[in-house]
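Engineer: Below you'll find the structure I mean.
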Amino acid sequence: QPDPRISYIAHTQRGINNIPSEFDKLVSLTEIDLSYNKLTRVPEPVYRLENLKRANFSHNEISEMSSLTECWTELITLNLTENKLTDIPACICKLTKLKRLYLNGNKITFEGVPSLIGKLQNLEVFMAARNLLTCIPDSLCKCGNLRQMDLSSNQLVALPVSVWELKQLKNLNTDDNPNLVMPEKPPPEVKGSGVEFYNVDFSLYNQRKVAGLKPSAETMPQKDKEAERKKLRARLRIKQAQLKEEGKEGKQDSNKFLKGLSEYKEDSSSVSTYLSSRARLNKNENEDEERKQIKNKKWTDALTKPALDYTELFPEVVNGSVGQEEGLYMWRIDNFLPLLLDDAVGRFYEADCYIILHASHRENLPGLLYDIHFWIGAKCEIDKKACAAIHAVHLRNMLGCDNRTTREEQGDESDEFILYFDGDIEVLEGGSESGFFQVEETTYVKRLFKCHGQNNILLEPVLTHVDSIDHRHSYLLDDGMDIVVWFGKLSKLTQQKKTTLFAEKINKLERKNKATITVITKYDSEKQHIFFSMLDGDGSTITEPKGEKVEDFEDTYSVPTPKLYEVHLGVGYLELPQLEFSANRPMTQEMLRTQRVYLLDTYTDVFVWIGAHSDRLLRAAAAKLSGEILKMIKRPATAIVNTCFEGVESALFRSFFHKWDDVVAVDFTRAADKVVAPSATGEKEEMKVDLTALFTKREPPMSPADCTEYREQWKENLETMSCFVMEGKNYTRLPPGEQGHFYTENCYIFLCTYWMFISDFNDDLLEQYVILQKKQSSGKKRNEEGAQGEGNGDSEVEDEEEEEEEALVCRVYFWQGRDASKVCWPQYSLSSFRAKIREKIGSKMPVEDERCFQQQENVKFLSYFNGKFIIHKGKRPANSDPEPPQPRARLYQVRQNGNILAQRCVEVGCSSLLLNSGFCYILKVPAEKDGDMCYILYVWIGSRSSEELMNASIEIGKEAFDDVDTVSVLYEGTNEPDIFWSALGGRRQYDNQADWMDVIRLFRCSNERGYFAVSEKCSDFCQDDLSDEDVMILDSGTDVFVWIGEESSDVERKLALKSAQLYQQHIQDLSGEARKLSIVRRGKENLKFIKLFHGWGPSGHEPKILVNRLRDQLVKEGEIVGKRAE
């Protein structure tokens, strides 16, 4: 009987057209043999056999392998002998279980072997005889389990030195390679050699070697010692010749000097007279020069104006409203910055500081004379004093003054200062708050703990009363900055030590080592009153133990099993699932995730643990639930709710977790949750970094034909799409004309139902689908019981036996604009609107939510709009608005990031400086026609834009904007009308090429994996992909930018900068072009960096600063004039 898991179709002379098309249904097939046929490629149904382990395609005419090869995730043996292959597909590197690869008798070259083949760590046999190989990649030698390698009958010239690193290699066949020169076996490397930084070798040779690339000759760390010796000898000969020449010249000079003296030997008096007069003359000249330098040197000459931007400090002075006319101006220091006051009167507050500017005309001289004073209140904070002095100097530098700033203190003002206010100065009590955070003193609750156990100390909260004292136990009294440890006369020594250690932990973790710990033993009779005086009741009523011994007492106390709950936000309600743990799997710190909030119920207390990155709604919900849980069951009178924040947990909270306080060796290049305990052998763990992404090639863009095919397929699968927009707490259905139009201050909801393969379901969808199928099957059974006739019942049974391959799915897309409120998503998650969607649609098909942000949408969602995806700035105009927005000119940039699927039309600043000949733009200009307001639309086609982008822009302009009167297509350089340039603030110089679109790459540098790693973002990126917690590397083809996030660590910044320098060397070595390295910080991006992003806008928390900075940059280049620029 044949094995259904094996298929033999060898020696059948089959071609690609007469292969059975039912292969993909043989899901249990593990072995296939299609050798000795006439196949030009592997049939597509064969690629869908995901359980395939052995495949034989030898002796065919296969010239290429598809990228679908990566579907054979279980493949162990692949035989492609005697075919016409010229290269191996790169996706073969994903077959991590591959052990045997046969490639004999093909036409494979060195370039045809993927550079990442070293990822096949299980590869044991590599046969590539009778090919066209001149060398093998260095990464192939990274396959540590390689045992057999056949490279005979090739064109090998050399092998990489790393071939000696294959310790398991037993058979290496290199016969019939006449030009082959085997590499010498390298000496053992000294650990730590190379260019090291944080224990990482950042040399280009080593990192290319790690990435599996072939090192170039320039990066090989090899030195010719004999050549170095020759260079040193040549330098020595040149140096000796120079010294010899200098010696001859010195000897000639000395001879001339002696000869000159001999001419005057007859008249010695004339010689002495000449020398003395010459000496006096030189001395007088030196003294005159010193006096001249001292005379010209002033204190103002040493002043240098720092290159600072004063726009945010004194915007009134910048725009000319202050300091241009004669008068008195006053600023008050508020939150570290100067705040201009409306009236400069002599009224001051004693807790404030002020800056006073007096501008007056000069006598018979043009311009104004400025006098700057800063007034210090008697009760002001130190931050205000420092800021007043600093900003006074900033104001002086900004105005270009040469005079000094004058300090005026309360009660000691100068006469000149008092005359500014006509001699009337009034000082009032009070003032504004300090800019520093006011640290409130922590209030502590007095608690008494009875200690149980010996190995693992257990603390039981009891009443702070003398009746709670038992001489068989040790006690810990926590009263804030006073911690008292009291030992009972019958308490065990181990328990006493553990209790003292616990008190030390409380002092270290919660009191910053500032608390006073008092230990009272049974021998300290004089200190007993300290302990009992802090308790309620009379300490003399405690009965002393008589005749009892320590050994007679056995502590039977057992702590109630704690319960750990995770706080979840469900569909309109709160969920509180309990986390499971047991003795074999105890409760550990790793169970607490930083994005979550947890409740720990220990019966004696309730703890609320708040993660550092948890949602604010979760925190509020946990605070409310903790109080309710505390009252649900009967608890001791001492039970309270404790709140613990991630990183600063109390010692009592930590005591309930297994091995929380174990000391670990911290590697500061890692994330905190990835640090592990050192090994038992004590060996130092080598630093791990992943810089492979820097050496991989840029992902090629998808062809327009493939993009169109995907778009049409996704649109065909789409059944329905309903669109809604959030307006406050209401959800308004979008009219058909507005679908595809988005505003940055709004959020949108799209209900998309489409067909999807069941095999592609995730766990959540599959669970919903199974539940729905069970409900439908139970309903069918009830119908069968009431139905009459057997024929009808048989047909239903047959239908049930047919397995469905596709099913309808509803995906709810929540689109959030960049400037929209951050509470929109939580508001939608808890809304009745979402609950209704789950209730109505969820009863028919699986439902899932997907949140997408502006310009971070997936291509499947973008394809639903057929390329007409338009993003406007601002808020969507509603019919209920009392005042419609004023019409203004709007400029949109049409851009395709990577492929035509990622096509968007985004509104940008209305300035001709932002034009680029490599893109297309749409300009919407308001105009009047017959007394009514209308719009004129211009579609501007850049001279270097692609044909696809040009056609798409014209289509968007003619079809997507319904409120325009006329549409005109303008080609760059064909005499654009004056109204076009007038709307853009005048014709200015703009970029005439966008070649960087073909080479631009964005890398992310982070240590969130537990080690430093560099990963590449897709080509469709935007400014929101710049994460504040990381460092980014942006390559524009001419510049390499290192963008530093505000919350990135110092180690990330240093390693990222070193990685950028390494990438710069790698690019220069490949192309010979040197790229400039620049550092950019968040919020201080220059215009050259910003232009690389599509539709750059101000970031969320500092829009005003960024808008002003961009405006200043544009004004400096003469591109924008007046308020129209904003």
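If you're wondering about the labels, chains in the structure tokens are A, B, ... by order shown, residues count from 1 in each chain, ligands from 1 in order shown.
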Per residue of range 803-916 of chain A within 10 Å of range 949-969 of chain A, what are the shortest atom pair and its distance in Å to one decimal, counting only C-alpha atoms, with rows by chain and residue number, as a tab-separated table?
Structural biologist:
```
residue	atom	partner	partner_atom	distance
A:Asn866	CA	A:Ala952	CA	9.8
A:Gly867	CA	A:Ala952	CA	7.4
A:Lys868	CA	A:Ile956	CA	6.1
A:Phe869	CA	A:Ile956	CA	8.9
A:Ile870	CA	A:Ala960	CA	8.4
A:Gln893	CA	A:Ser953	CA	9.2
A:Val894	CA	A:Ser953	CA	6.5
A:Arg895	CA	A:Leu949	CA	7.3
A:Gln896	CA	A:Leu949	CA	7.4
A:Ile900	CA	A:Leu949	CA	8.1
A:Gln903	CA	A:Leu949	CA	8.7
A:Arg904	CA	A:Ser953	CA	9.9
A:Cys905	CA	A:Ser953	CA	8.5
```
Engineer: I need the residues from that last selection saved to file as a PDB file, in the first residue's frame (with N, CA, C and O atoms), if you can.
Structural biologist:
```pdb
ATOM      1  N   ASN A 866      -8.370  53.630  -3.661  1.00  0.00           N
ATOM      2  CA  ASN A 866      -7.963  53.705  -5.065  1.00  0.00           C
ATOM      3  C   ASN A 866      -7.006  54.863  -5.330  1.00  0.00           C
ATOM      4  O   ASN A 866      -7.099  55.551  -6.349  1.00  0.00           O
ATOM      5  N   GLY A 867      -6.103  55.137  -4.394  1.00  0.00           N
ATOM      6  CA  GLY A 867      -5.111  56.183  -4.588  1.00  0.00           C
ATOM      7  C   GLY A 867      -5.560  57.574  -4.224  1.00  0.00           C
ATOM      8  O   GLY A 867      -4.764  58.515  -4.253  1.00  0.00           O
ATOM      9  N   LYS A 868      -6.830  57.755  -3.881  1.00  0.00           N
ATOM     10  CA  LYS A 868      -7.358  59.079  -3.536  1.00  0.00           C
ATOM     11  C   LYS A 868      -7.455  59.191  -2.017  1.00  0.00           C
ATOM     12  O   LYS A 868      -8.540  59.166  -1.432  1.00  0.00           O
ATOM     13  N   PHE A 869      -6.301  59.276  -1.386  1.00  0.00           N
ATOM     14  CA  PHE A 869      -6.193  59.363   0.071  1.00  0.00           C
ATOM     15  C   PHE A 869      -5.654  60.750   0.399  1.00  0.00           C
ATOM     16  O   PHE A 869      -4.466  61.012   0.279  1.00  0.00           O
ATOM     17  N   ILE A 870      -6.530  61.656   0.824  1.00  0.00           N
ATOM     18  CA  ILE A 870      -6.197  63.070   0.973  1.00  0.00           C
ATOM     19  C   ILE A 870      -6.273  63.441   2.447  1.00  0.00           C
ATOM     20  O   ILE A 870      -7.266  63.152   3.123  1.00  0.00           O
ATOM     21  N   GLN A 893       0.826  67.983  -1.427  1.00  0.00           N
ATOM     22  CA  GLN A 893       1.897  67.255  -2.116  1.00  0.00           C
ATOM     23  C   GLN A 893       1.462  65.823  -2.338  1.00  0.00           C
ATOM     24  O   GLN A 893       1.047  65.130  -1.398  1.00  0.00           O
ATOM     25  N   VAL A 894       1.563  65.367  -3.582  1.00  0.00           N
ATOM     26  CA  VAL A 894       1.230  63.985  -3.944  1.00  0.00           C
ATOM     27  C   VAL A 894       2.539  63.206  -4.012  1.00  0.00           C
ATOM     28  O   VAL A 894       3.450  63.577  -4.760  1.00  0.00           O
ATOM     29  N   ARG A 895       2.613  62.135  -3.239  1.00  0.00           N
ATOM     30  CA  ARG A 895       3.880  61.405  -3.124  1.00  0.00           C
ATOM     31  C   ARG A 895       3.600  59.923  -2.955  1.00  0.00           C
ATOM     32  O   ARG A 895       2.623  59.525  -2.323  1.00  0.00           O
ATOM     33  N   GLN A 896       4.471  59.094  -3.540  1.00  0.00           N
ATOM     34  CA  GLN A 896       4.395  57.643  -3.427  1.00  0.00           C
ATOM     35  C   GLN A 896       5.650  57.153  -2.713  1.00  0.00           C
ATOM     36  O   GLN A 896       6.754  57.280  -3.247  1.00  0.00           O
ATOM     37  N   ILE A 900       3.194  52.521  -5.589  1.00  0.00           N
ATOM     38  CA  ILE A 900       1.966  53.290  -5.810  1.00  0.00           C
ATOM     39  C   ILE A 900       0.891  52.944  -4.794  1.00  0.00           C
ATOM     40  O   ILE A 900      -0.097  53.682  -4.660  1.00  0.00           O
ATOM     41  N   GLN A 903       0.425  55.691  -1.722  1.00  0.00           N
ATOM     42  CA  GLN A 903       0.248  57.017  -2.324  1.00  0.00           C
ATOM     43  C   GLN A 903      -0.702  57.841  -1.471  1.00  0.00           C
ATOM     44  O   GLN A 903      -1.792  57.397  -1.130  1.00  0.00           O
ATOM     45  N   ARG A 904      -0.275  59.053  -1.123  1.00  0.00           N
ATOM     46  CA  ARG A 904      -1.093  59.952  -0.322  1.00  0.00           C
ATOM     47  C   ARG A 904      -0.985  61.359  -0.884  1.00  0.00           C
ATOM     48  O   ARG A 904       0.034  61.729  -1.475  1.00  0.00           O
ATOM     49  N   CYS A 905      -2.021  62.128  -0.637  1.00  0.00           N
ATOM     50  CA  CYS A 905      -2.040  63.545  -0.993  1.00  0.00           C
ATOM     51  C   CYS A 905      -2.188  64.317   0.313  1.00  0.00           C
ATOM     52  O   CYS A 905      -3.268  64.352   0.901  1.00  0.00           O
TER      53      CYS A 905
END
```
Engineer: Find the residues around Lys1017 in chain A up to 10 Å (only C-alpha atoms counted), leave out those fewer than 3 positions away in its own chain, and share them as a list in words.
Structural biologist: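 After dropping sequence-adjacent residues, the list is Ala693, Arg1001, Leu1002, Phe1003, Arg1004, Val1014, Asp1020, Phe1021, Asp1025 and Met1032 of chain A.
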Engineer: Check the smallest atom-to-atom distance from each of A:Ile520, A:Ile506, A:Cys353, A:Cys747 to Lys384 in chain A using only C-alpha atoms, then report the winner.
Structural biologist: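 Answer, going by the shortest atom-to-atom distance: A:Cys353.
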Engineer: For CA of Glu1008 in chain A and CA of Ile1090 in chain A, quote the distance in Å rounded to one decimal.
Structural biologist: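 CA of Glu1008 in chain A sits 26.8 Å away from CA of Ile1090 in chain A.
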Engineer: Find the spatial neighbours of range 147-159 of chain A, counting only C-alpha atoms, within a cut-off of 12 Å - ignore same-chain residues fewer than 3 positions away - and output them as a PyMOL selection string.
Structural biologist: chain A and resi 99-110+121-141+143-144+162-164+166-185+214
Engineer: Write out as an mmCIF file with N, CA, C and O atoms, in the first residue's frame each polymer residue whose atoms come within 12 Å of Val1042 in chain A, counting only C-alpha atoms; drop sequence neighbours fewer than 4 positions from it.
Structural biologist:
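As a result, out38.cif now contains:
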```
data_model
loop_
_atom_site.group_PDB
_atom_site.id
_atom_site.type_symbol
_atom_site.label_atom_id
_atom_site.label_comp_id
_atom_site.auth_asym_id
_atom_site.auth_seq_id
_atom_site.Cartn_x
_atom_site.Cartn_y
_atom_site.Cartn_z
ATOM 1 N N LEU A 1002 15.732 54.505 6.498
ATOM 2 C CA LEU A 1002 15.577 54.907 7.900
ATOM 3 C C LEU A 1002 15.830 53.697 8.785
ATOM 4 O O LEU A 1002 15.188 52.662 8.631
ATOM 5 N N PHE A 1003 16.788 53.857 9.728
ATOM 6 C CA PHE A 1003 17.143 52.776 10.647
ATOM 7 C C PHE A 1003 16.769 53.194 12.073
ATOM 8 O O PHE A 1003 16.873 54.367 12.431
ATOM 9 N N ARG A 1004 16.393 52.215 12.854
ATOM 10 C CA ARG A 1004 16.046 52.439 14.263
ATOM 11 C C ARG A 1004 17.079 51.763 15.148
ATOM 12 O O ARG A 1004 17.386 50.585 14.956
ATOM 13 N N CYS A 1005 17.617 52.497 16.092
ATOM 14 C CA CYS A 1005 18.618 51.978 17.029
ATOM 15 C C CYS A 1005 17.987 51.912 18.420
ATOM 16 O O CYS A 1005 17.599 52.942 18.966
ATOM 17 N N LEU A 1026 9.661 58.409 14.105
ATOM 18 C CA LEU A 1026 10.800 58.824 14.925
ATOM 19 C C LEU A 1026 10.406 58.702 16.387
ATOM 20 O O LEU A 1026 9.721 59.554 16.937
ATOM 21 N N ASP A 1030 14.151 56.179 21.196
ATOM 22 C CA ASP A 1030 15.208 55.550 20.415
ATOM 23 C C ASP A 1030 16.032 56.605 19.680
ATOM 24 O O ASP A 1030 15.753 57.797 19.757
ATOM 25 N N VAL A 1031 17.022 56.119 18.965
ATOM 26 C CA VAL A 1031 17.847 56.946 18.089
ATOM 27 C C VAL A 1031 17.672 56.420 16.669
ATOM 28 O O VAL A 1031 17.679 55.206 16.453
ATOM 29 N N MET A 1032 17.498 57.328 15.711
ATOM 30 C CA MET A 1032 17.249 56.945 14.327
ATOM 31 C C MET A 1032 18.427 57.382 13.454
ATOM 32 O O MET A 1032 19.077 58.401 13.712
ATOM 33 N N ILE A 1033 18.680 56.603 12.404
ATOM 34 C CA ILE A 1033 19.692 56.921 11.395
ATOM 35 C C ILE A 1033 18.982 57.052 10.059
ATOM 36 O O ILE A 1033 18.319 56.110 9.618
ATOM 37 N N LEU A 1034 19.106 58.206 9.427
ATOM 38 C CA LEU A 1034 18.433 58.488 8.153
ATOM 39 C C LEU A 1034 19.496 58.748 7.087
ATOM 40 O O LEU A 1034 20.323 59.649 7.232
ATOM 41 N N ASP A 1035 19.451 57.948 6.008
ATOM 42 C CA ASP A 1035 20.397 58.086 4.897
ATOM 43 C C ASP A 1035 19.651 58.678 3.710
ATOM 44 O O ASP A 1035 18.708 58.074 3.189
ATOM 45 N N SER A 1036 20.065 59.880 3.269
ATOM 46 C CA SER A 1036 19.412 60.556 2.155
ATOM 47 C C SER A 1036 20.212 60.451 0.859
ATOM 48 O O SER A 1036 19.845 61.090 -0.128
ATOM 49 N N GLU A 1052 22.467 54.192 24.206
ATOM 50 C CA GLU A 1052 21.879 54.110 22.870
ATOM 51 C C GLU A 1052 22.442 55.190 21.957
ATOM 52 O O GLU A 1052 22.719 54.954 20.785
ATOM 53 N N ARG A 1053 22.615 56.388 22.493
ATOM 54 C CA ARG A 1053 23.129 57.482 21.680
ATOM 55 C C ARG A 1053 24.573 57.225 21.237
ATOM 56 O O ARG A 1053 24.933 57.446 20.079
ATOM 57 N N LYS A 1054 25.401 56.753 22.162
ATOM 58 C CA LYS A 1054 26.801 56.519 21.830
ATOM 59 C C LYS A 1054 26.946 55.378 20.829
ATOM 60 O O LYS A 1054 27.698 55.489 19.846
ATOM 61 N N LEU A 1055 26.234 54.276 21.057
ATOM 62 C CA LEU A 1055 26.336 53.151 20.141
ATOM 63 C C LEU A 1055 25.720 53.486 18.790
ATOM 64 O O LEU A 1055 26.198 53.009 17.754
ATOM 65 N N ALA A 1056 24.646 54.290 18.763
ATOM 66 C CA ALA A 1056 24.039 54.680 17.499
ATOM 67 C C ALA A 1056 24.978 55.559 16.680
ATOM 68 O O ALA A 1056 25.083 55.416 15.454
ATOM 69 N N LEU A 1057 25.667 56.483 17.345
ATOM 70 C CA LEU A 1057 26.626 57.330 16.641
ATOM 71 C C LEU A 1057 27.771 56.495 16.076
ATOM 72 O O LEU A 1057 28.212 56.717 14.941
ATOM 73 N N LYS A 1058 28.223 55.525 16.854
ATOM 74 C CA LYS A 1058 29.285 54.651 16.356
ATOM 75 C C LYS A 1058 28.777 53.812 15.184
ATOM 76 O O LYS A 1058 29.504 53.576 14.212
ATOM 77 N N SER A 1059 27.521 53.384 15.238
ATOM 78 C CA SER A 1059 26.940 52.610 14.136
ATOM 79 C C SER A 1059 26.801 53.466 12.883
ATOM 80 O O SER A 1059 27.012 52.979 11.766
ATOM 81 N N ALA A 1060 26.434 54.739 13.044
ATOM 82 C CA ALA A 1060 26.316 55.633 11.893
ATOM 83 C C ALA A 1060 27.671 55.845 11.224
ATOM 84 O O ALA A 1060 27.777 55.881 9.992
ATOM 85 N N GLN A 1061 28.714 55.985 12.014
ATOM 86 C CA GLN A 1061 30.056 56.117 11.441
ATOM 87 C C GLN A 1061 30.462 54.841 10.703
ATOM 88 O O GLN A 1061 31.093 54.898 9.642
ATOM 89 N N TYR A 1063 28.352 52.741 9.276
ATOM 90 C CA TYR A 1063 27.553 52.733 8.041
ATOM 91 C C TYR A 1063 28.143 53.698 7.009
ATOM 92 O O TYR A 1063 28.173 53.407 5.809
ATOM 93 N N GLN A 1064 28.631 54.822 7.477
ATOM 94 C CA GLN A 1064 29.257 55.796 6.580
ATOM 95 C C GLN A 1064 30.496 55.185 5.907
ATOM 96 O O GLN A 1064 30.709 55.352 4.696
ATOM 97 N N LYS A 1076 28.074 63.052 4.322
ATOM 98 C CA LYS A 1076 28.258 63.905 5.488
ATOM 99 C C LYS A 1076 27.428 63.386 6.655
ATOM 100 O O LYS A 1076 26.267 63.017 6.488
ATOM 101 N N LEU A 1077 28.025 63.361 7.838
ATOM 102 C CA LEU A 1077 27.348 62.888 9.040
ATOM 103 C C LEU A 1077 26.882 64.096 9.848
ATOM 104 O O LEU A 1077 27.667 64.990 10.162
ATOM 105 N N SER A 1078 25.594 64.132 10.169
ATOM 106 C CA SER A 1078 25.010 65.242 10.927
ATOM 107 C C SER A 1078 24.183 64.688 12.070
ATOM 108 O O SER A 1078 23.566 63.629 11.950
ATOM 109 N N ILE A 1079 24.160 65.412 13.190
ATOM 110 C CA ILE A 1079 23.382 65.039 14.365
ATOM 111 C C ILE A 1079 22.195 65.986 14.475
ATOM 112 O O ILE A 1079 22.357 67.205 14.409
ATOM 113 N N VAL A 1080 21.004 65.415 14.639
ATOM 114 C CA VAL A 1080 19.766 66.192 14.724
ATOM 115 C C VAL A 1080 19.050 65.785 16.006
ATOM 116 O O VAL A 1080 18.938 64.588 16.301
ATOM 117 N N ARG A 1081 18.574 66.764 16.748
ATOM 118 C CA ARG A 1081 17.830 66.490 17.971
ATOM 119 C C ARG A 1081 16.353 66.780 17.768
ATOM 120 O O ARG A 1081 15.979 67.607 16.933
ATOM 121 N N ARG A 1082 15.532 66.103 18.542
ATOM 122 C CA ARG A 1082 14.094 66.280 18.423
ATOM 123 C C ARG A 1082 13.716 67.725 18.731
ATOM 124 O O ARG A 1082 14.163 68.318 19.697
ATOM 125 N N GLU A 1085 14.975 70.053 14.312
ATOM 126 C CA GLU A 1085 15.272 69.578 12.969
ATOM 127 C C GLU A 1085 15.415 70.757 11.996
ATOM 128 O O GLU A 1085 14.619 71.699 12.043
ATOM 129 N N PHE A 1089 16.529 68.346 6.713
ATOM 130 C CA PHE A 1089 16.046 67.078 7.266
ATOM 131 C C PHE A 1089 14.538 66.947 7.100
ATOM 132 O O PHE A 1089 14.019 65.874 6.754
#
```
Engineer: One decimal, in Å: what's the spacing between CA of Gln856 in chain A and CA of Val1051 in chain A?
Structural biologist: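 Computing it gives 28.5 Å between the two atoms.
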Engineer: With a distance cut-off of 10 Å and only C-alpha atoms, select the neighbouring residues of Phe502 in chain A, excluding the residue or stretch itself and same-chain residues fewer than 4 positions from it, and output the selection as a PDB file with N, CA, C and O atoms, in the first residue's frame.
Structural biologist:
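The result, stored in out-v7.pdb:
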```pdb
ATOM      1  N   ILE A 457      10.903  35.146  55.607  1.00  0.00           N
ATOM      2  CA  ILE A 457      10.200  35.925  56.610  1.00  0.00           C
ATOM      3  C   ILE A 457       8.827  36.331  56.098  1.00  0.00           C
ATOM      4  O   ILE A 457       8.669  36.723  54.940  1.00  0.00           O
ATOM      5  N   LEU A 459       5.441  38.737  57.127  1.00  0.00           N
ATOM      6  CA  LEU A 459       5.007  39.835  57.986  1.00  0.00           C
ATOM      7  C   LEU A 459       3.485  39.871  58.034  1.00  0.00           C
ATOM      8  O   LEU A 459       2.828  39.954  56.997  1.00  0.00           O
ATOM      9  N   LEU A 476       8.138  44.410  64.026  1.00  0.00           N
ATOM     10  CA  LEU A 476       8.697  45.537  63.277  1.00  0.00           C
ATOM     11  C   LEU A 476       7.659  46.649  63.297  1.00  0.00           C
ATOM     12  O   LEU A 476       6.554  46.492  62.773  1.00  0.00           O
ATOM     13  N   VAL A 485      12.711  47.713  65.744  1.00  0.00           N
ATOM     14  CA  VAL A 485      12.673  46.253  65.681  1.00  0.00           C
ATOM     15  C   VAL A 485      12.755  45.740  67.108  1.00  0.00           C
ATOM     16  O   VAL A 485      13.730  46.018  67.836  1.00  0.00           O
ATOM     17  N   GLN A 496      15.069  36.840  64.270  1.00  0.00           N
ATOM     18  CA  GLN A 496      15.538  38.178  64.647  1.00  0.00           C
ATOM     19  C   GLN A 496      16.425  38.778  63.554  1.00  0.00           C
ATOM     20  O   GLN A 496      16.299  39.960  63.212  1.00  0.00           O
ATOM     21  N   LYS A 497      17.337  37.959  63.020  1.00  0.00           N
ATOM     22  CA  LYS A 497      18.219  38.454  61.965  1.00  0.00           C
ATOM     23  C   LYS A 497      17.421  38.821  60.713  1.00  0.00           C
ATOM     24  O   LYS A 497      17.688  39.855  60.063  1.00  0.00           O
ATOM     25  N   LYS A 498      16.454  37.986  60.375  1.00  0.00           N
ATOM     26  CA  LYS A 498      15.642  38.258  59.171  1.00  0.00           C
ATOM     27  C   LYS A 498      14.810  39.521  59.344  1.00  0.00           C
ATOM     28  O   LYS A 498      14.635  40.307  58.407  1.00  0.00           O
ATOM     29  N   ILE A 506      13.506  48.146  54.031  1.00  0.00           N
ATOM     30  CA  ILE A 506      12.527  49.237  54.028  1.00  0.00           C
ATOM     31  C   ILE A 506      13.227  50.582  54.031  1.00  0.00           C
ATOM     32  O   ILE A 506      12.844  51.515  53.310  1.00  0.00           O
ATOM     33  N   ASN A 507      14.283  50.698  54.833  1.00  0.00           N
ATOM     34  CA  ASN A 507      15.019  51.959  54.895  1.00  0.00           C
ATOM     35  C   ASN A 507      15.693  52.272  53.564  1.00  0.00           C
ATOM     36  O   ASN A 507      15.717  53.429  53.114  1.00  0.00           O
ATOM     37  N   LYS A 508      16.209  51.276  52.891  1.00  0.00           N
ATOM     38  CA  LYS A 508      16.922  51.498  51.635  1.00  0.00           C
ATOM     39  C   LYS A 508      15.975  51.766  50.481  1.00  0.00           C
ATOM     40  O   LYS A 508      16.202  52.671  49.668  1.00  0.00           O
ATOM     41  N   ALA A 651       9.083  47.179  50.134  1.00  0.00           N
ATOM     42  CA  ALA A 651       9.685  45.893  50.499  1.00  0.00           C
ATOM     43  C   ALA A 651       8.623  44.865  50.845  1.00  0.00           C
ATOM     44  O   ALA A 651       8.796  43.671  50.585  1.00  0.00           O
ATOM     45  N   LEU A 652       7.500  45.309  51.421  1.00  0.00           N
ATOM     46  CA  LEU A 652       6.418  44.380  51.755  1.00  0.00           C
ATOM     47  C   LEU A 652       5.813  43.787  50.496  1.00  0.00           C
ATOM     48  O   LEU A 652       5.505  42.585  50.442  1.00  0.00           O
ATOM     49  N   SER A 655       8.078  41.136  48.944  1.00  0.00           N
ATOM     50  CA  SER A 655       8.240  39.903  49.712  1.00  0.00           C
ATOM     51  C   SER A 655       7.288  38.808  49.263  1.00  0.00           C
ATOM     52  O   SER A 655       7.524  37.635  49.552  1.00  0.00           O
TER      53      SER A 655
END
```
Engineer: Let's see if you can do this: from backbone DSSP, list all strand (DSSP E or B) residues in range 710-854 of chain A, as a VMD selection string.
Structural biologist: chain A and resid 718 to 727 730 to 733 741 to 743 747 to 757 806 to 816 847 to 853
Engineer: Tell me, counting only C-alpha atoms, for each residue of range 838-891 of chain A within 10 Å of range 917-936 of chain A, which pair of atoms is nearest and how far apart they are in Å to one decimal, in rows ordered by chain and increasing number, as JSON lines.
Structural biologist:
```
{"residue": "A:Gln886", "atom": "CA", "partner": "A:Pro926", "partner_atom": "CA", "distance": 9.9}
{"residue": "A:Pro887", "atom": "CA", "partner": "A:Pro926", "partner_atom": "CA", "distance": 6.2}
{"residue": "A:Arg888", "atom": "CA", "partner": "A:Pro926", "partner_atom": "CA", "distance": 6.1}
{"residue": "A:Ala889", "atom": "CA", "partner": "A:Val925", "partner_atom": "CA", "distance": 4.6}
{"residue": "A:Arg890", "atom": "CA", "partner": "A:Lys924", "partner_atom": "CA", "distance": 5.2}
{"residue": "A:Leu891", "atom": "CA", "partner": "A:Leu923", "partner_atom": "CA", "distance": 4.6}
```
Engineer: Just want the 9 Å neighbourhood of range 42-55 of chain A, counted on only C-alpha atoms, with same-chain residues fewer than 6 positions away dropped. Output as number ranges by chain.
Structural biologist: A: 16-17, 19-34, 62, 64-66, 68-80, 98
Engineer: Could you give me, as a PyMOL selection string, the residues within 9 Å of Thr521 in chain A, counting only C-alpha atoms and dropping anything in the same chain fewer than 5 positions from it?
Structural biologist: chain A and resi 485-489+527-528
